[in-house]
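Here is the structure we will look at.
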Amino acid sequence: MIPFSPPTLNQDDIDAVVEVLRSGWITSGPVGRRFEEQLAQRCGTTAVVALSSATAALELALRAAGVGRGDEVIVPAYTYTASASVIDHVGATIVMVDGEPGSPFPSVERIAAAVTDRTRAVITVDLAGVPFDSRPLDALLAGRGRIDDGLAAALGRPVIISDSAHSLGASLEGRPCGTIADLTAFSFHAVKNLTTAEGGALTWRPDLPTDGEELARWVRTFSLHGQTKDALAKSHGASWEYDIIAPAYKCNMPDTLAALGLSQLGRYEQTLERRRELLAHYAEGLAGAGVELLPHDGDGVVSSAHLAIATLPVAGVAERNRIIQDLYAAGVSANVHYKPLPLLTAYRNLGFDIADFPNAFAFYATEVTLPLHLALSDADVEQVCTALAGALTGIRKAA
Ligand SMILES: Cc1ncc(COP(=O)(O)O)c(C=O)c1O
């Protein structure tokens, strides 16, 4: 069976974790700080805070932007639940926007059209590792929305937060992901390009009109119960005493996991290269099969090649699902990214109706995500392409 997305860890990764386990300090500490520093260097930002997930990073980004009850936050309908659930977590209202025809991404104009005088923030999504170009939003959103205080007031527009769960290492015209939106959240979940098993990070563009050091301190403190001293600081000398400045979260990253990330970061350039090569093999292997691959690169866009999203020449959901079954029978594990949020119970219960998101539904109905990971050989990619072509022929015959 060709698996969908196993982690590819090597002996260096294992040794790095063992070293931390033997070091006498296993929770957040010096290894995490090194991981954060190297991430910041890679993203061209001045600070990164490593956290327990991208979800935690997105939620802290909303909190840092002062988003709360009475505010609206715009988010695409075509994404994973975490991009939207965090809006609900902070008590704000989710405003969903459809994608464009034939695309999972909304245009910046569609996002701008959803702004009201209650819009405090926008969350964009770098689906599949393709960086969303939110830069035109700076001008489109200027002077609009709820910008009476906090970061939005300093920016003179709603705060733009990038859900970059998929896109560590992507860039737009040479600007790395992390410097494009105001705040950026990364994921290091087990299926991601770089994994700490579970984990995430928050960063922000270096020219954000706020004190970056103060923001880093705030995020760190809020990820640790709102406690003024972390465990490492408390362990030095007799400095046990601390205060709790807010009833905050607990979503820090321990050094045991940071060690995994730090070790993989050292070879991340090769990881990206190989993933891009695999995508190119898919493009060659599927030429002529009527399958369209989501474009990853071109026009100054450099993707992190996270997901091989394909649009199939099939009639709809039933045929697409049949293809996934046929692929499985042929030894290939495939997936769907994503079921648009309005199809999910939680969002239906919040009043969203898929009929209002026809483009997201149309994209979903014929979408399949093919395996893309470092354990794939070129021959594996050929096997996937052959299996997919065979499954499509089977569907055509049955029709
Ligand atoms: C688009 C997107 N956003 C956010 C997340 C949440 O990431 P995490 O599991 O690190 O919270 C995911 C996870 O798969 C995702 O795909």
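The way I read the labels, and the way they are meant: chains A, B, ... in the order of the structure tokens, residue 1 as the first residue of every chain, and ligand 1 as the first ligand shown, with later ones counted on from there.
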Going by DSSP on the backbone, which residues of range 28-171 of chain A come out as helix (DSSP H, G or I)? List them as a VMD selection string. chain A and resid 30 to 43 54 to 64 81 to 89 108 to 113 127 to 129 135 to 140 150 to 155
Please identify every polymer residue within 6 Å of ligand 1, using only C-alpha atoms and all ligand atoms, and present the set as number ranges by chain. A: 53-55, 79-80, 82-83, 163, 165, 187-189, 199-200
For the selection just defined, write its residues with N, CA, C and O atoms to a file, as a short mmCIF file (atom, residue, chain, number, x, y, z; two decimals), in the first residue's frame.
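This went into part-v5.cif:
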data_model
loop_
_atom_site.label_atom_id
_atom_site.label_comp_id
_atom_site.auth_asym_id
_atom_site.auth_seq_id
_atom_site.Cartn_x
_atom_site.Cartn_y
_atom_site.Cartn_z
N SER A 53 0.15 23.79 18.54
CA SER A 53 -0.55 23.53 17.28
C SER A 53 -0.72 24.83 16.50
O SER A 53 -0.59 25.93 17.07
N ALA A 54 -1.08 24.70 15.22
CA ALA A 54 -1.44 25.88 14.43
C ALA A 54 -2.75 26.46 14.96
O ALA A 54 -2.97 27.67 14.91
N THR A 55 -3.61 25.60 15.45
CA THR A 55 -4.88 26.07 16.00
C THR A 55 -4.63 27.04 17.15
O THR A 55 -5.24 28.11 17.23
N THR A 79 -11.65 25.18 3.57
CA THR A 79 -10.48 25.04 4.44
C THR A 79 -10.77 24.00 5.51
O THR A 79 -11.86 23.40 5.53
N TYR A 80 -9.80 23.77 6.37
CA TYR A 80 -10.00 22.87 7.51
C TYR A 80 -10.69 23.64 8.64
O TYR A 80 -10.56 24.86 8.75
N ALA A 82 -10.08 24.23 11.63
CA ALA A 82 -9.28 25.05 12.55
C ALA A 82 -9.20 26.51 12.11
O ALA A 82 -9.09 27.39 12.96
N SER A 83 -9.27 26.76 10.80
CA SER A 83 -9.20 28.15 10.33
C SER A 83 -10.39 28.96 10.85
O SER A 83 -10.30 30.17 11.01
N ASP A 163 -3.42 31.57 7.76
CA ASP A 163 -3.36 30.16 8.18
C ASP A 163 -2.37 29.50 7.23
O ASP A 163 -2.72 29.10 6.12
N ALA A 165 -0.71 26.78 7.85
CA ALA A 165 -0.49 25.43 8.37
C ALA A 165 0.28 24.58 7.35
O ALA A 165 1.05 23.70 7.72
N SER A 187 1.77 24.95 11.05
CA SER A 187 1.48 23.69 11.75
C SER A 187 2.63 22.71 11.56
O SER A 187 3.21 22.61 10.47
N PHE A 188 2.92 21.97 12.63
CA PHE A 188 3.91 20.89 12.56
C PHE A 188 3.25 19.56 12.94
O PHE A 188 3.86 18.69 13.56
N HIS A 189 1.97 19.46 12.61
CA HIS A 189 1.23 18.21 12.84
C HIS A 189 1.90 17.06 12.08
O HIS A 189 2.65 17.28 11.12
N GLY A 199 2.24 20.26 16.86
CA GLY A 199 2.96 21.51 17.12
C GLY A 199 2.57 22.58 16.13
O GLY A 199 1.90 22.32 15.12
N GLY A 200 2.96 23.78 16.45
CA GLY A 200 2.68 24.91 15.56
C GLY A 200 3.55 26.08 15.98
O GLY A 200 4.34 25.98 16.94
#
Need the shell around Asn321 in chain A: protein/DNA/RNA residues with any atom at most 12 Å away, counting only C-alpha atoms. Skip same-chain ones fewer than 4 positions apart. Format as JSON, numbers by chain? {"A": [312, 314, 315, 316, 317, 325, 326, 327, 328, 334, 335, 336, 364, 365, 366, 367, 368, 369, 391, 392, 395]}
Using only C-alpha atoms, which residues of range 174-249 of chain A come within 9 Å of range 129-143 of chain A, and what is the closest atom pair for each, with the distance in Å to one decimal? Give it as JSON lines, sorted by chain and residue number.
{"residue": "A:Cys177", "atom": "CA", "partner": "A:Pro131", "partner_atom": "CA", "distance": 7.0}
{"residue": "A:Ile180", "atom": "CA", "partner": "A:Arg135", "partner_atom": "CA", "distance": 6.8}
{"residue": "A:Ala181", "atom": "CA", "partner": "A:Ser134", "partner_atom": "CA", "distance": 6.5}
Would you mind exporting all heavy atoms of the selected residues as a PDB file, in the first residue's frame?
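Output saved as selection.pdb:
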ATOM      1  N   CYS A 177       6.845  33.199   3.421  1.00  0.00           N
ATOM      2  CA  CYS A 177       5.644  33.066   4.232  1.00  0.00           C
ATOM      3  C   CYS A 177       6.016  33.379   5.669  1.00  0.00           C
ATOM      4  O   CYS A 177       6.977  32.802   6.192  1.00  0.00           O
ATOM      5  CB  CYS A 177       5.243  31.606   4.145  1.00  0.00           C
ATOM      6  SG  CYS A 177       3.567  31.425   3.941  1.00  0.00           S
ATOM      7  N   ILE A 180       4.284  37.933   4.809  1.00  0.00           N
ATOM      8  CA  ILE A 180       3.275  38.386   3.841  1.00  0.00           C
ATOM      9  C   ILE A 180       2.041  38.948   4.564  1.00  0.00           C
ATOM     10  O   ILE A 180       1.660  40.095   4.367  1.00  0.00           O
ATOM     11  CB  ILE A 180       2.915  37.242   2.868  1.00  0.00           C
ATOM     12  CG1 ILE A 180       4.167  36.811   2.092  1.00  0.00           C
ATOM     13  CG2 ILE A 180       1.797  37.678   1.907  1.00  0.00           C
ATOM     14  CD1 ILE A 180       4.085  35.468   1.444  1.00  0.00           C
ATOM     15  N   ALA A 181       1.432  38.132   5.412  1.00  0.00           N
ATOM     16  CA  ALA A 181       0.291  38.591   6.206  1.00  0.00           C
ATOM     17  C   ALA A 181       0.814  39.326   7.446  1.00  0.00           C
ATOM     18  O   ALA A 181       2.021  39.343   7.708  1.00  0.00           O
ATOM     19  CB  ALA A 181      -0.567  37.407   6.615  1.00  0.00           C
TER      20      ALA A 181
END
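Between CA of Leu294 in chain A and CA of Pro76 in chain A there is a distance of 17.0 Å.
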When DSSP works through the backbone of this structure, what residues of range 46-286 of chain A end up as strand (DSSP E or B), shown as a ChimeraX atom specification? /A:48-51,72-76,93-97,119-125,159-163,171-172,175-176,183-187,200-204,224,227,244,250,252
